[in-house]
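Structure file final-v1.cif (mmCIF, C-alpha atoms) follows.
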data_query
loop_
_atom_site.label_atom_id
_atom_site.label_comp_id
_atom_site.auth_asym_id
_atom_site.auth_seq_id
_atom_site.Cartn_x
_atom_site.Cartn_y
_atom_site.Cartn_z
CA MET A 475 -57.46 -21.32 -28.35
CA PRO A 476 -54.80 -19.05 -26.76
CA THR A 477 -51.19 -19.82 -27.40
CA ALA A 478 -49.16 -20.58 -24.30
CA THR A 479 -46.22 -18.29 -23.65
CA PRO A 480 -43.04 -20.37 -23.82
CA ARG A 481 -41.17 -20.53 -20.52
CA ALA A 482 -37.46 -19.77 -20.34
CA PRO A 483 -35.44 -22.83 -19.43
CA ALA A 484 -34.62 -22.96 -15.76
CA GLN A 485 -31.04 -22.25 -14.83
CA CYS A 486 -29.19 -25.00 -13.10
CA PRO A 487 -27.30 -24.10 -9.90
CA ARG A 488 -23.99 -24.16 -11.77
CA GLN A 489 -25.28 -21.57 -14.29
CA VAL A 490 -26.52 -19.34 -11.46
CA VAL A 491 -23.11 -19.50 -9.75
CA HIS A 492 -21.38 -18.64 -13.05
CA SER A 493 -23.74 -15.67 -13.59
CA ARG A 494 -23.11 -14.27 -10.12
CA THR A 495 -19.37 -14.73 -10.50
CA THR A 496 -19.37 -12.97 -13.89
CA ASN A 497 -21.39 -10.05 -12.44
CA ARG A 498 -18.76 -9.59 -9.74
CA ALA A 499 -15.67 -10.08 -11.90
CA ALA A 500 -15.67 -6.79 -13.87
CA PRO A 501 -16.26 -4.41 -10.91
CA PHE A 502 -13.84 -6.45 -8.80
CA ALA A 503 -11.11 -6.04 -11.44
CA LEU A 504 -11.89 -2.33 -11.79
CA ASN A 505 -11.56 -1.67 -8.05
CA ALA A 506 -8.36 -3.71 -7.92
CA SER A 507 -6.98 -1.64 -10.80
CA VAL A 508 -7.89 1.57 -8.94
CA LEU A 509 -5.99 0.40 -5.86
CA ALA A 510 -2.96 -0.58 -7.98
CA ALA A 511 -2.99 2.70 -9.94
CA LEU A 512 -3.16 4.78 -6.76
CA LEU A 513 -0.08 3.08 -5.35
CA ALA A 514 1.71 3.22 -8.72
CA ALA A 515 1.26 6.99 -8.61
CA SER A 516 2.60 7.07 -5.05
CA SER A 517 5.88 5.38 -6.02
CA ALA A 518 6.35 6.96 -9.47
CA PRO A 519 8.40 9.93 -8.10
CA THR A 520 10.99 7.65 -6.42
CA PRO A 521 13.31 7.23 -9.48
CA LEU A 522 12.92 10.96 -10.18
CA TYR A 523 14.19 12.16 -6.78
CA PRO A 524 17.87 12.25 -7.91
CA ARG A 525 16.83 14.39 -10.89
CA TYR A 526 14.93 16.77 -8.66
CA GLN A 527 17.91 16.96 -6.30
CA ASP A 528 20.34 17.76 -9.12
CA ALA A 529 18.03 20.23 -10.89
CA TRP A 530 16.90 22.18 -7.82
CA ASP A 531 19.77 21.47 -5.37
CA LEU A 532 17.52 19.69 -2.87
CA SER A 533 18.80 18.11 0.34
CA ALA A 534 17.96 14.61 1.60
CA LEU A 535 15.73 16.22 4.24
CA THR A 536 13.75 18.07 1.54
CA ILE A 537 13.26 14.83 -0.38
CA THR A 538 11.90 13.06 2.71
CA VAL A 539 9.59 16.04 3.35
CA VAL A 540 8.28 15.75 -0.23
CA PHE A 541 7.78 12.02 0.32
CA SER A 542 6.17 12.43 3.73
CA ALA A 543 3.86 15.30 2.73
CA TYR A 544 2.02 12.68 0.70
CA SER A 545 1.93 10.11 3.50
CA LEU A 546 0.85 12.49 6.26
CA THR A 547 -1.93 14.02 4.15
CA LEU A 548 -3.05 10.52 3.24
CA LEU A 549 -3.25 9.74 6.96
CA LEU A 550 -5.40 12.79 7.60
CA ALA A 551 -7.69 11.77 4.74
CA LEU A 552 -7.99 8.25 6.15
CA LEU A 553 -8.84 9.63 9.60
CA THR A 554 -11.57 11.88 8.24
CA THR A 555 -12.91 10.13 5.12
CA GLY A 556 -12.11 6.51 5.95
CA ALA A 557 -15.78 5.64 6.56
CA LEU A 558 -17.28 8.15 4.12
CA SER A 559 -18.02 5.57 1.43
CA ASP A 560 -20.05 3.56 3.97
CA HIS A 561 -22.48 6.51 4.06
CA LEU A 562 -22.35 8.02 0.55
CA GLY A 563 -21.63 4.82 -1.38
CA ARG A 564 -18.40 3.60 -2.95
CA ARG A 565 -18.99 5.07 -6.42
CA PRO A 566 -19.36 8.82 -5.67
CA VAL A 567 -16.40 8.78 -3.27
CA LEU A 568 -14.19 6.98 -5.79
CA VAL A 569 -15.16 9.21 -8.71
CA GLY A 570 -14.44 12.40 -6.76
CA ALA A 571 -11.14 11.11 -5.36
CA LEU A 572 -9.92 9.87 -8.76
CA LEU A 573 -10.61 13.25 -10.39
CA VAL A 574 -8.61 14.97 -7.63
CA GLU A 575 -5.84 12.38 -8.13
CA ALA A 576 -5.76 13.22 -11.86
CA ALA A 577 -5.42 16.91 -10.98
CA ALA A 578 -2.51 16.07 -8.64
CA MET A 579 -0.75 14.29 -11.50
CA VAL A 580 -1.09 17.42 -13.67
CA LEU A 581 0.45 19.49 -10.86
CA LEU A 582 3.36 17.03 -10.52
CA ALA A 583 3.96 17.20 -14.27
CA SER A 584 4.20 21.00 -14.14
CA ALA A 585 6.21 21.27 -10.88
CA ASP A 586 9.16 23.66 -11.01
CA GLY A 587 10.52 23.38 -7.47
CA ALA A 588 10.23 21.77 -4.04
CA GLY A 589 7.20 23.88 -3.07
CA ALA A 590 5.23 22.77 -6.11
CA LEU A 591 6.21 19.14 -5.51
CA ILE A 592 5.04 19.31 -1.89
CA ALA A 593 1.72 20.96 -2.87
CA ALA A 594 1.07 18.30 -5.52
CA ARG A 595 1.93 15.48 -3.12
CA VAL A 596 -0.42 16.94 -0.48
CA LEU A 597 -3.27 16.92 -3.01
CA GLN A 598 -2.31 13.40 -4.08
CA GLY A 599 -2.24 12.16 -0.49
CA ALA A 600 -5.73 13.54 0.20
CA ALA A 601 -7.13 11.85 -2.92
CA THR A 602 -5.34 8.55 -2.31
CA GLY A 603 -6.41 8.34 1.33
CA THR A 604 -10.03 8.93 0.38
CA ALA A 605 -10.00 6.44 -2.50
CA THR A 606 -7.95 3.68 -0.87
CA SER A 607 -10.41 2.72 1.85
CA ALA A 608 -13.37 3.03 -0.57
CA ALA A 609 -11.77 0.79 -3.21
CA GLY A 610 -10.57 -1.69 -0.59
CA ALA A 611 -14.01 -1.85 1.00
CA ALA A 612 -15.60 -2.35 -2.44
CA LEU A 613 -13.33 -5.36 -2.97
CA LEU A 614 -14.58 -6.80 0.32
CA ASP A 615 -18.19 -6.09 -0.72
CA LEU A 616 -17.56 -8.06 -3.92
CA GLU A 617 -16.13 -11.10 -2.14
CA ASN A 618 -17.07 -14.24 -4.02
CA PRO A 619 -18.52 -16.72 -1.48
CA TRP A 620 -17.14 -19.59 -3.59
CA ARG A 621 -13.64 -18.08 -3.46
CA PRO A 622 -13.25 -16.88 0.14
CA GLY A 623 -10.15 -14.85 0.95
CA ARG A 624 -9.74 -13.41 -2.55
CA SER A 625 -10.65 -9.89 -1.41
CA ALA A 626 -8.10 -9.84 1.41
CA LEU A 627 -5.48 -11.24 -0.98
CA THR A 628 -6.25 -8.53 -3.55
CA ASN A 629 -6.10 -5.82 -0.88
CA SER A 630 -2.61 -7.13 -0.09
CA ILE A 631 -1.24 -7.71 -3.58
CA ALA A 632 -2.71 -4.77 -5.54
CA PRO A 633 -0.85 -2.03 -3.59
CA VAL A 634 2.61 -3.63 -3.83
CA THR A 635 2.05 -4.60 -7.46
CA GLY A 636 1.06 -1.01 -8.15
CA MET A 637 4.13 0.36 -6.37
CA ALA A 638 6.38 -1.97 -8.38
CA ALA A 639 4.71 -0.96 -11.65
CA GLY A 640 4.99 2.74 -10.80
CA VAL A 641 8.72 2.54 -10.07
CA LEU A 642 9.43 0.40 -13.14
CA ALA A 643 7.45 2.62 -15.51
CA SER A 644 9.02 5.77 -14.10
CA THR A 645 12.55 4.32 -14.33
CA LEU A 646 12.04 3.25 -17.95
CA LEU A 647 10.61 6.64 -18.89
CA VAL A 648 13.62 8.38 -17.33
CA HIS A 649 15.74 6.68 -20.01
CA PHE A 650 13.45 6.51 -23.00
CA ALA A 651 10.89 9.34 -22.74
CA PRO A 652 11.70 12.84 -24.02
CA ALA A 653 10.35 14.47 -20.84
CA PRO A 654 10.73 11.89 -18.02
CA THR A 655 9.52 14.20 -15.24
CA VAL A 656 6.32 14.89 -17.21
CA THR A 657 5.39 11.78 -19.21
CA VAL A 658 4.77 9.37 -16.32
CA TYR A 659 2.38 11.82 -14.64
CA VAL A 660 0.47 12.52 -17.86
CA VAL A 661 -0.04 8.77 -18.40
CA LEU A 662 -1.30 8.38 -14.83
CA ALA A 663 -3.62 11.40 -15.12
CA VAL A 664 -5.26 9.88 -18.20
CA LEU A 665 -5.60 6.52 -16.43
CA PHE A 666 -7.33 8.09 -13.40
CA ALA A 667 -9.68 10.08 -15.64
CA VAL A 668 -10.68 6.90 -17.50
CA GLN A 669 -11.30 5.02 -14.24
CA ALA A 670 -13.43 7.90 -12.92
CA ALA A 671 -15.49 7.79 -16.13
CA VAL A 672 -16.08 4.02 -15.93
CA ILE A 673 -16.98 3.65 -12.24
CA PRO A 674 -20.49 5.22 -12.50
CA PHE A 675 -21.46 2.38 -14.85
CA THR A 676 -20.81 -0.27 -12.18
CA ALA A 677 -23.29 -1.36 -9.51
CA GLU A 678 -23.13 0.30 -6.09
CA THR A 679 -21.96 -2.20 -3.46
CA ALA A 680 -22.73 -0.21 -0.30
CA ARG A 681 -26.06 0.97 1.08
CA PRO A 682 -25.90 4.77 1.38
CA HIS A 683 -27.31 6.05 4.66
CA ALA A 684 -27.34 9.14 6.86
CA GLY A 685 -24.39 10.29 8.95
CA ALA A 686 -21.86 11.27 6.26
CA LEU A 687 -20.92 14.58 7.92
CA ARG A 688 -20.66 12.96 11.33
CA SER A 689 -18.35 10.30 9.88
CA LEU A 690 -15.82 13.02 8.95
CA ARG A 691 -14.89 13.50 12.60
CA PRO A 692 -11.46 11.92 13.11
CA ALA A 693 -12.03 8.58 14.81
CA LEU A 694 -10.79 5.01 14.74
CA ALA A 695 -13.67 2.60 15.19
CA VAL A 696 -12.09 -0.85 15.03
CA PRO A 697 -14.03 -3.95 16.17
CA LEU A 698 -12.54 -5.92 19.05
CA SER A 699 -11.52 -8.92 16.91
CA ALA A 700 -9.71 -6.67 14.41
CA ARG A 701 -8.10 -4.75 17.27
CA ARG A 702 -6.60 -7.95 18.69
CA ALA A 703 -5.21 -8.91 15.29
CA LEU A 704 -3.67 -5.46 14.79
CA LEU A 705 -2.04 -5.66 18.22
CA ALA A 706 -0.59 -9.10 17.43
CA ALA A 707 0.82 -8.06 14.05
CA GLY A 708 1.28 -4.34 14.76
CA ALA A 709 5.03 -4.30 15.44
CA GLY A 710 5.68 -6.30 12.28
CA VAL A 711 3.49 -3.92 10.24
CA VAL A 712 5.43 -0.94 11.62
CA ALA A 713 8.77 -2.60 10.78
CA ILE A 714 7.93 -3.46 7.17
CA TRP A 715 6.35 -0.11 6.31
CA ALA A 716 9.25 1.74 7.95
CA LEU A 717 11.64 -0.22 5.72
CA GLY A 718 9.43 0.58 2.73
CA GLY A 719 9.57 4.29 3.57
CA PHE A 720 13.36 4.19 3.86
CA TYR A 721 13.88 2.47 0.50
CA SER A 722 11.27 4.65 -1.20
CA SER A 723 12.68 8.00 -0.04
CA LEU A 724 16.38 7.33 0.59
CA GLY A 725 16.98 4.15 -1.45
CA PRO A 726 18.46 6.04 -4.44
CA ALA A 727 20.76 8.00 -2.10
CA LEU A 728 21.89 4.74 -0.45
CA VAL A 729 22.78 3.31 -3.86
CA ARG A 730 24.77 6.45 -4.64
CA LEU A 731 26.65 6.08 -1.37
CA VAL A 732 27.53 2.42 -1.94
CA ALA A 733 28.17 2.68 -5.70
CA PRO A 734 28.83 6.33 -6.69
CA GLY A 735 29.47 5.44 -10.33
CA ALA A 736 26.30 3.38 -10.86
CA PRO A 737 23.75 4.60 -13.46
CA GLN A 738 20.88 6.67 -12.09
CA ALA A 739 18.36 3.96 -12.95
CA VAL A 740 20.04 1.59 -10.48
CA GLY A 741 18.93 3.84 -7.61
CA GLY A 742 15.28 3.75 -8.66
CA MET A 743 15.27 0.01 -9.26
CA VAL A 744 16.20 -0.80 -5.67
CA PHE A 745 12.65 0.09 -4.57
CA PHE A 746 11.26 -1.86 -7.52
CA THR A 747 13.17 -4.88 -6.20
CA LEU A 748 11.46 -4.51 -2.83
CA THR A 749 7.94 -4.10 -4.22
CA ALA A 750 8.28 -6.85 -6.84
CA ALA A 751 9.51 -9.28 -4.18
CA ALA A 752 6.60 -8.23 -1.96
CA ALA A 753 4.02 -8.91 -4.68
CA LEU A 754 5.48 -12.35 -5.43
CA THR A 755 5.53 -13.18 -1.73
CA VAL A 756 1.89 -12.19 -1.21
CA TRP A 757 0.88 -14.54 -4.03
CA THR A 758 3.16 -17.38 -2.94
CA LEU A 759 2.00 -17.31 0.69
CA ARG A 760 -1.69 -16.74 -0.02
CA ARG A 761 -2.63 -20.13 1.49
CA THR A 762 -0.08 -20.09 4.32
CA ALA A 763 -1.49 -19.70 7.83
CA PRO A 764 -1.38 -15.98 8.75
CA HIS A 765 0.60 -16.48 11.98
CA VAL A 766 3.19 -18.56 10.13
CA ALA A 767 3.54 -15.97 7.35
CA ALA A 768 3.81 -13.09 9.83
CA THR A 769 6.46 -14.93 11.85
CA GLY A 770 8.52 -15.74 8.76
CA GLY A 771 8.19 -12.14 7.54
CA SER A 772 9.37 -10.73 10.86
CA LEU A 773 12.44 -12.97 10.72
CA ALA A 774 13.08 -11.75 7.17
CA VAL A 775 13.16 -8.14 8.44
CA ILE A 776 16.14 -9.00 10.64
CA LEU A 777 17.96 -10.70 7.77
CA ALA A 778 17.16 -7.80 5.42
CA THR A 779 18.61 -5.18 7.74
CA ALA A 780 21.76 -7.24 8.31
CA LEU A 781 22.30 -7.75 4.57
CA THR A 782 21.69 -4.09 3.77
CA LEU A 783 24.21 -2.99 6.38
CA SER A 784 26.78 -5.39 4.97
CA GLY A 785 26.53 -3.39 1.76
CA LEU A 786 27.93 -0.42 3.67
CA HIS A 787 30.83 -2.53 4.90
CA GLY A 788 32.30 -3.77 1.64
CA ALA A 789 29.66 -6.13 0.25
CA GLY A 790 28.53 -3.37 -2.12
CA LEU A 791 25.52 -3.08 -4.39
CA PRO A 792 24.57 -6.81 -4.49
CA ALA A 793 24.07 -6.74 -0.71
CA VAL A 794 21.90 -3.60 -0.92
CA TYR A 795 19.73 -5.22 -3.59
CA GLY A 796 19.64 -8.49 -1.63
CA GLY A 797 18.54 -6.56 1.45
CA ALA A 798 15.82 -4.86 -0.59
CA ALA A 799 14.61 -8.23 -1.89
CA LEU A 800 14.48 -9.65 1.66
CA ALA A 801 12.69 -6.51 2.85
CA GLY A 802 10.16 -7.11 0.06
CA ILE A 803 9.67 -10.72 1.16
CA ALA A 804 9.11 -9.48 4.71
CA PHE A 805 6.69 -6.81 3.46
CA GLY A 806 4.63 -9.29 1.45
CA ALA A 807 4.51 -11.92 4.20
CA VAL A 808 3.60 -9.60 7.08
CA SER A 809 1.19 -7.32 5.18
CA GLN A 810 -0.97 -10.10 3.73
CA ALA A 811 -0.96 -11.98 7.04
CA ALA A 812 -1.95 -8.86 9.00
CA LEU A 813 -4.78 -8.07 6.58
CA ARG A 814 -6.11 -11.61 6.66
CA MET A 815 -6.02 -11.62 10.46
CA THR A 816 -7.62 -8.17 10.69
CA LEU A 817 -10.36 -8.58 8.09
CA ALA A 818 -11.54 -12.02 9.21
CA SER A 819 -15.28 -12.13 9.98
CA LEU A 820 -15.86 -8.37 9.67
CA HIS A 821 -19.40 -7.06 9.26
CA ALA A 822 -20.06 -4.98 6.14
CA GLN A 823 -20.48 -1.73 8.10
CA ASP A 824 -17.01 -2.12 9.66
CA ARG A 825 -15.01 -2.74 6.48
CA ALA A 826 -14.02 0.75 5.33
CA ALA A 827 -13.24 2.00 8.84
CA THR A 828 -11.12 -1.07 9.69
CA LEU A 829 -9.17 -0.81 6.46
CA ALA A 830 -8.63 2.88 7.19
CA ALA A 831 -7.20 2.00 10.61
CA TYR A 832 -4.80 -0.49 9.04
CA TYR A 833 -3.61 2.04 6.47
CA ILE A 834 -3.25 4.74 9.13
CA LEU A 835 -0.88 2.50 11.10
CA SER A 836 0.96 1.60 7.88
CA TYR A 837 1.47 5.12 6.56
CA LEU A 838 2.41 6.53 9.97
CA SER A 839 5.08 3.84 10.06
CA MET A 840 6.19 4.76 6.54
CA SER A 841 6.28 8.55 6.87
CA LEU A 842 7.42 9.51 10.39
CA PRO A 843 10.58 7.34 10.42
CA ALA A 844 11.42 8.57 6.90
CA ILE A 845 11.21 12.20 8.04
CA ALA A 846 13.38 11.38 11.05
CA ALA A 847 15.88 9.64 8.78
CA GLY A 848 16.02 12.64 6.44
CA ALA A 849 16.68 14.98 9.36
CA ALA A 850 19.30 12.63 10.84
CA THR A 851 21.05 12.43 7.46
CA GLN A 852 21.57 16.20 7.59
CA HIS A 853 23.40 15.97 10.94
CA TYR A 854 25.01 12.53 11.01
CA GLY A 855 25.25 11.44 7.38
CA LEU A 856 23.45 8.66 5.51
CA ARG A 857 25.80 5.91 6.64
CA THR A 858 25.17 6.48 10.37
CA THR A 859 21.46 7.04 9.79
CA ALA A 860 21.15 3.77 7.85
CA HIS A 861 22.77 1.87 10.73
CA ALA A 862 20.39 3.38 13.32
CA TYR A 863 17.36 2.82 11.06
CA ALA A 864 18.27 -0.82 10.43
CA MET A 865 18.75 -1.51 14.13
CA ALA A 866 15.37 0.05 14.98
CA ALA A 867 13.63 -2.05 12.30
CA ALA A 868 15.32 -5.21 13.60
CA LEU A 869 14.20 -4.45 17.18
CA LEU A 870 10.64 -3.94 15.96
CA ALA A 871 10.82 -7.32 14.22
CA VAL A 872 11.93 -8.94 17.49
CA ALA A 873 8.97 -7.29 19.26
CA ALA A 874 6.68 -8.61 16.50
CA LEU A 875 7.95 -12.15 17.01
CA ALA A 876 7.26 -11.88 20.75
CA ALA A 877 3.74 -10.49 20.16
CA LEU A 878 2.89 -13.22 17.65
CA ALA A 879 4.14 -15.93 20.02
CA ALA A 880 2.04 -14.49 22.84
CA SER A 881 -1.01 -14.37 20.54
CA ARG A 882 -0.56 -18.03 19.60
CA ARG A 883 -0.28 -18.99 23.27
CA ARG A 884 -3.50 -17.12 24.08
CA ALA A 885 -5.30 -18.79 21.17
CA ALA A 886 -4.07 -22.24 22.24
CA HIS A 887 -5.08 -21.58 25.86
CA SER A 888 -8.54 -20.42 24.77
CA THR A 889 -9.02 -23.51 22.59
CA HIS A 890 -7.92 -25.76 25.44
CA ASN A 891 -10.40 -24.14 27.85
CA ASP A 892 -13.25 -24.52 25.33
CA LEU A 893 -12.74 -28.29 25.07
CA PRO A 894 -15.38 -30.33 26.94
#

Full structure transcribed into structure tokens:
Amino acid sequence: MPTATPRAPAQCPRQVVHSRTTNRAAPFALNASVLAALLAASSAPTPLYPRYQDAWDLSALTITVVFSAYSLTLLLALLTTGALSDHLGRRPVLVGALLVEAAAMVLLASADGAGALIAARVLQGAATGTATSAAGAALLDLENPWRPGRSALTNSIAPVTGMAAGVLASTLLVHFAPAPTVTVYVVLAVLFAVQAAVIPFTAETARPHAGALRSLRPALAVPLSARRALLAAGAGVVAIWALGGFYSSLGPALVRLVAPGAPQAVGGMVFFTLTAAAALTVWTLRRTAPHVAATGGSLAVILATALTLSGLHGAGLPAVYGGAALAGIAFGAVSQAALRMTLASLHAQDRAATLAAYYILSYLSMSLPAIAAGAATQHYGLRTTAHAYAMAAALLAVAALAALAASRRRAAHSTHNDLP
């Protein structure tokens, strides 16, 4: 008589849910770490700018060009490779971009002048732009249906957390490492190499299909619903990223102007204050209605600019740091609200391209005003430039408040018309 093969016990629904969640958790964490590491590398040079200026006699304009070379190349990469991972898959795009990012870190570690810095930042911008939309789209692919909204939250919090970590690590290494302009980049190069080695062992989350070469043509294909959200929150996004660009490139110089005798680390930590406040705000407001968060963030921009300017009129360093903290609160509130509004109900094939469009708007807002500020500093001085920059950011915040109010009125009118 044949022996019956024992049957495996059936899984209950709760066990199935736990299994699916576990399968998503590791790749989700890996892609979040990639996004954070990329942005940590982007902000790591900020505390080192005063050292570069002193060692190579660089002007404020040169520093903003070094900063913006990264941002503008990143924009070009987003325009051309933003949808590439939709066609080739997330894994191959991420592996290639992370290896290029590691090479950029090696170039930064060996830089011996402004030209080498700019070349390294160009390479870094190309790699970051390619990897950012792929990692962000992978996070959306891995959305847990039992925890909706986690992917949009991670896309908001990972970049600012990474920027804060990059500035903090770089500032600490300036004081405690034997070669501060080398060590931070070597650590990041090793991190990117490890991530590139691990990614091939994760499951592919996109369905590769034809059209990869065609997708490299610069284009912005944003669905109508996402386009409306970007229009509603666009002015606020421009304002917060412009403030981020100012504090990232000229924050240390502003600290020097207000407090000439302050330690060098104080200049680098002003941008850490902004990014740390942004990360905390993203987490705190994760369940707040997007329109409410965006409105509060736009108001915080106005307060941040006013407080920062008071630092130039006798309030000193505490006001500059307070302004940076408020700018961080504004950044966290508006960025997470804009992403939640933009990414709502997107189809899988639209994710990478839509994220690319958001980052293009963001980095244009971060780089172009920073370049203009660096050039203005050469002719009018940092004090006058800071006043003009703050006023422009405040006006953008006012425009954002008007756009958000108009969007709410349209939504209320549409709801009213749909009632029976």

Can you spell out as a compact mmCIF listing (two decimals) with C-alpha atoms, in the coordinates of the input the set of residues that the PyMOL selection byres ((chain A and resi 721-726) around 7) selects in the structure I just provided?
# COMPACT_ATOMS: atom_id res chain seq x y z
CA THR A 520 10.99 7.65 -6.42
CA ILE A 537 13.26 14.83 -0.38
CA THR A 538 11.90 13.06 2.71
CA PHE A 541 7.78 12.02 0.32
CA LEU A 717 11.64 -0.22 5.72
CA GLY A 718 9.43 0.58 2.73
CA GLY A 719 9.57 4.29 3.57
CA PHE A 720 13.36 4.19 3.86
CA ALA A 727 20.76 8.00 -2.10
CA LEU A 728 21.89 4.74 -0.45
CA VAL A 729 22.78 3.31 -3.86
CA ARG A 730 24.77 6.45 -4.64
CA GLY A 741 18.93 3.84 -7.61
CA GLY A 742 15.28 3.75 -8.66
CA VAL A 744 16.20 -0.80 -5.67
CA PHE A 745 12.65 0.09 -4.57

Original post:
If you count only C-alpha atoms, which residues fall within 8 Å of Thr749 of chain A, apart from same-chain ones fewer than 3 positions away, as a list of chain:residue names?
Top reply: A:Val634, A:Thr635, A:Met637, A:Ala638, A:Phe745, A:Phe746, A:Ala752, A:Ala753, A:Gly802

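Contact shell of Gly806 of chain A at 6 Å (only C-alpha atoms; same-chain neighbours under 3 positions omitted): Ala752, Thr755, Val756, Ile803 and Ser809 of chain A.
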
Using all atoms listed in the file, tabulate the residues of segment 721-762 of chain A lying at most 10 Å from any atom of segment 787-790 of chain A, each with its closest atom pair and that distance in Å to one decimal, by chain and increasing residue number, as JSON lines.
{"residue": "A:Val729", "atom": "CA", "partner": "A:Gly790", "partner_atom": "CA", "distance": 9.0}
{"residue": "A:Leu731", "atom": "CA", "partner": "A:Gly790", "partner_atom": "CA", "distance": 9.7}
{"residue": "A:Val732", "atom": "CA", "partner": "A:Gly790", "partner_atom": "CA", "distance": 5.9}
{"residue": "A:Ala733", "atom": "CA", "partner": "A:Gly790", "partner_atom": "CA", "distance": 7.0}

Output the selection as an mmCIF file, in the frame of the given file - C-alpha atoms for each residue.
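out00.cif written:
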data_model
loop_
_atom_site.group_PDB
_atom_site.id
_atom_site.type_symbol
_atom_site.label_atom_id
_atom_site.label_comp_id
_atom_site.auth_asym_id
_atom_site.auth_seq_id
_atom_site.Cartn_x
_atom_site.Cartn_y
_atom_site.Cartn_z
ATOM 1 C CA VAL A 729 22.780 3.310 -3.860
ATOM 2 C CA LEU A 731 26.650 6.080 -1.370
ATOM 3 C CA VAL A 732 27.530 2.420 -1.940
ATOM 4 C CA ALA A 733 28.170 2.680 -5.700
#

Write out as a tab-separated table a residue-level contact list of segment 511-550 of chain A versus segment 847-851 of chain A with cut-off 10 Å: for each qualifying residue the closest pair of atoms and the distance in Å to one decimal, counting all atoms listed in the file, rows sorted by chain and residue number upward.
residue	atom	partner	partner_atom	distance
A:Ser533	CA	A:Gly848	CA	8.7
A:Ala534	CA	A:Gly848	CA	5.6
A:Leu535	CA	A:Gly848	CA	4.2
A:Thr536	CA	A:Gly848	CA	7.7
A:Ile537	CA	A:Gly848	CA	7.7
A:Thr538	CA	A:Gly848	CA	5.6
A:Val539	CA	A:Gly848	CA	7.9

**OP:** List the residues matched by the PyMOL selection byres ((chain A and resi 657) around 12) in the displayed structure as a PyMOL selection string, ordered by chain and then by residue number.
**Re:** chain A and resi 518-519+522+579-580+582-584+643-656+658-664

Subject >> Within 10 Å of Asp560 of chain A using only C-alpha atoms, minus same-chain residues under 3 positions, as an NGL selection string >> reply: :A and (555-557 or 563-564 or 567 or 607-608 or 611-612 or 679-686 or 689 or 822-827)

**OP:** List the neighbours of Ala529 of chain A out to 12 Å using all atoms listed in the file; skip same-chain residues closer than 3 positions along the sequence, and give me the result as a PyMOL selection string.
**Re:** chain A and resi 522-526+532-533+585-588+655

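If only C-alpha atoms are the atoms counted, then among A:Ala543, A:Ile673, A:Ala511, A:Ala632 the closest residue to Leu568 of chain A is A:Ile673.
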
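Compared by their closest atoms to Leu549 of chain A, and using all atoms listed in the file, the residues A:Ala605, A:Leu835, A:Ala880, A:Ala639 rank with A:Leu835 nearest.
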
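Ranking A:Pro501, A:Gly570, A:Gly710, A:Gly797 by their shortest atom-to-atom distance to Phe666 of chain A, with all atoms listed in the file included, puts A:Gly570 first.
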
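Taking atom CA of Leu572 of chain A as the reference point, atom CA of Leu558 of chain A is found at 14.9 Å.
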
**OP:** With the file shown as input, list the residues that the PyMOL selection byres ((chain A and resi 783) around 8) selects, as an MDAnalysis selection string.
**Re:** chainID A and resid 779:782 784:787 794 860:861 864

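Nearest residue to Leu870 of chain A, choosing from A:Ala793, A:Val596, A:Ile776, A:Leu754 and counting only C-alpha atoms: A:Ile776.
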
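The spacing separating atom CA of Ala804 of chain A from atom CA of Gly603 of chain A amounts to 23.9 Å.
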
Starting from the incomplete input, reconstruct N, CA and C atoms of segment 627-635 of chain A and write that as a compact mmCIF listing (two decimals), in the frame of the given file.
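Okay, this is what ended up in out_18.txt:
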# COMPACT_ATOMS: atom_id res chain seq x y z
N LEU A 627 -6.69 -11.03 -0.18
CA LEU A 627 -5.48 -11.24 -0.98
C LEU A 627 -5.28 -10.07 -1.95
N THR A 628 -6.36 -9.64 -2.60
CA THR A 628 -6.25 -8.53 -3.55
C THR A 628 -5.89 -7.24 -2.85
N ASN A 629 -6.46 -7.01 -1.66
CA ASN A 629 -6.10 -5.82 -0.88
C ASN A 629 -4.64 -5.83 -0.48
N SER A 630 -4.04 -7.02 -0.42
CA SER A 630 -2.61 -7.13 -0.09
C SER A 630 -1.73 -6.98 -1.32
N ILE A 631 -2.13 -7.62 -2.42
CA ILE A 631 -1.24 -7.71 -3.58
C ILE A 631 -1.36 -6.50 -4.52
N ALA A 632 -2.54 -5.90 -4.61
CA ALA A 632 -2.71 -4.77 -5.54
C ALA A 632 -1.82 -3.58 -5.19
N PRO A 633 -1.70 -3.18 -3.90
CA PRO A 633 -0.85 -2.03 -3.59
C PRO A 633 0.62 -2.27 -3.93
N VAL A 634 1.18 -3.42 -3.56
CA VAL A 634 2.61 -3.63 -3.83
C VAL A 634 2.87 -3.84 -5.31
N THR A 635 1.92 -4.47 -6.01
CA THR A 635 2.05 -4.60 -7.46
C THR A 635 2.02 -3.23 -8.12
